[in-house]
Amino acid sequence: MKLSKYIIYNFIFILLFFFYIQIVAQTESEKPEKVHRIRKVMMSNEWYKNQAELWNKEWDKNPKNEDAWYNYYLAVRYANPPYGENTKYKQIMDNLISKMEKYIPDSYVYYFVKYGYTHNWDSKDVSLLEKAYELNPDEPE
């Protein structure tokens with residue numbers, strides 16, 4: 001009888017230990033990662049969607065975190081390519097720009113992202129890029 005209780009307790013302990021390890025591993029993998037420009041590093045669409053959610057949580061915690069806004073922008077852009085009439089992308093980006101305007105209005109990231117979205121990188125009106133450059137002339141983008 002004592003032996004079977006011992007086996008049961010050990011079995012329960014081992015199960016709980018594996019559940020704990022699984023939870024810790026999942027928690028660690030749920031940290032946002034830097035989203036690189038797609039021409040440098042290409043990830044799966046699911047990865048970009050996951051990163052968009054994680055970076056969204058980051059700027060929810062700290063709305064002044066420009067790095068979170070920029071990584072969120074890139075993740076959304078790559079998860080929802082702006083080709084044709086992608087209304088989901090347009091809605092997300094309109095919402096993003098208005099929130100950035102509220103929380104980080106006079107920032108490099110705001111002007112850079114706004115130019116990229118509103119002009120799709122092909123406009124001769126570079127006033128937004130000039131403002132971004134004035135705020136951060138050392139940024140390689």
# chains A, B, ... in the order shown; residues from 1 in each chain; ligands from 1

$ closest_atom_pairs --of "segment 45-93 of chain A" --to "segment 115-139 of chain A" --cutoff "10 Å" --atoms "only C-alpha atoms" --output "JSON lines"
{"residue": "A:Tyr73", "atom": "CA", "partner": "A:Tyr117", "partner_atom": "CA", "distance": 9.8}
{"residue": "A:Arg77", "atom": "CA", "partner": "A:Tyr117", "partner_atom": "CA", "distance": 9.4}
{"residue": "A:Pro82", "atom": "CA", "partner": "A:Tyr117", "partner_atom": "CA", "distance": 9.2}
{"residue": "A:Lys90", "atom": "CA", "partner": "A:Tyr117", "partner_atom": "CA", "distance": 9.1}
{"residue": "A:Met93", "atom": "CA", "partner": "A:Tyr117", "partner_atom": "CA", "distance": 7.4}

$ write_last_selection --atoms "N, CA, C and O atoms" --output "PDB file, in the first residue's frame"
ATOM      1  N   TYR A  73       4.301  48.767 -35.460  1.00  0.00           N
ATOM      2  CA  TYR A  73       4.067  49.206 -36.846  1.00  0.00           C
ATOM      3  C   TYR A  73       4.630  48.202 -37.846  1.00  0.00           C
ATOM      4  O   TYR A  73       3.952  47.778 -38.782  1.00  0.00           O
ATOM      5  N   ARG A  77       2.498  45.859 -40.362  1.00  0.00           N
ATOM      6  CA  ARG A  77       2.734  46.050 -41.795  1.00  0.00           C
ATOM      7  C   ARG A  77       3.064  44.731 -42.485  1.00  0.00           C
ATOM      8  O   ARG A  77       2.568  44.426 -43.557  1.00  0.00           O
ATOM      9  N   PRO A  82       0.063  45.861 -47.264  1.00  0.00           N
ATOM     10  CA  PRO A  82      -0.841  46.932 -47.712  1.00  0.00           C
ATOM     11  C   PRO A  82      -1.107  46.929 -49.215  1.00  0.00           C
ATOM     12  O   PRO A  82      -1.206  47.977 -49.835  1.00  0.00           O
ATOM     13  N   LYS A  90      -5.633  49.185 -43.468  1.00  0.00           N
ATOM     14  CA  LYS A  90      -5.950  50.613 -43.422  1.00  0.00           C
ATOM     15  C   LYS A  90      -6.557  51.004 -42.080  1.00  0.00           C
ATOM     16  O   LYS A  90      -6.164  52.011 -41.492  1.00  0.00           O
ATOM     17  N   MET A  93      -3.826  50.858 -39.390  1.00  0.00           N
ATOM     18  CA  MET A  93      -2.866  51.949 -39.521  1.00  0.00           C
ATOM     19  C   MET A  93      -3.479  53.307 -39.186  1.00  0.00           C
ATOM     20  O   MET A  93      -2.827  54.142 -38.564  1.00  0.00           O
TER      21      MET A  93
END

$ residues_around --residues "Trp55 of chain A" --least-positions-apart "2" --cutoff "10 Å" --atoms "only C-alpha atoms" --output "ChimeraX atom specification"
/A:31-35,50-53,57-61,67-73,75-76

$ select_by_dssp --residues "segment 62-123 of chain A" --states "alpha helix (DSSP H)" --output "number ranges by chain"
A: 66-79, 87-103, 108-119

$ atom_distance --atom1 "atom CA of Arg39 of chain A" --atom2 "atom CA of Ile97 of chain A"
23.3 Å

$ atom_distance --atom1 "atom CA of Val113 of chain A" --atom2 "atom CA of Ser44 of chain A"
22.2 Å

$ atom_distance --atom1 "atom CA of Asn45 of chain A" --atom2 "atom CA of Ala79 of chain A"
5.3 Å

$ closest_residue --among "A:Asn95, A:Asn80, A:Lys88, A:Ile104" --to "Pro63 of chain A" --atoms "only C-alpha atoms"
A:Ile104

$ closest_residue --among "A:Leu74, A:Ile38, A:Val109, A:Ile8" --to "Asn56 of chain A" --atoms "only C-alpha atoms"
A:Leu74
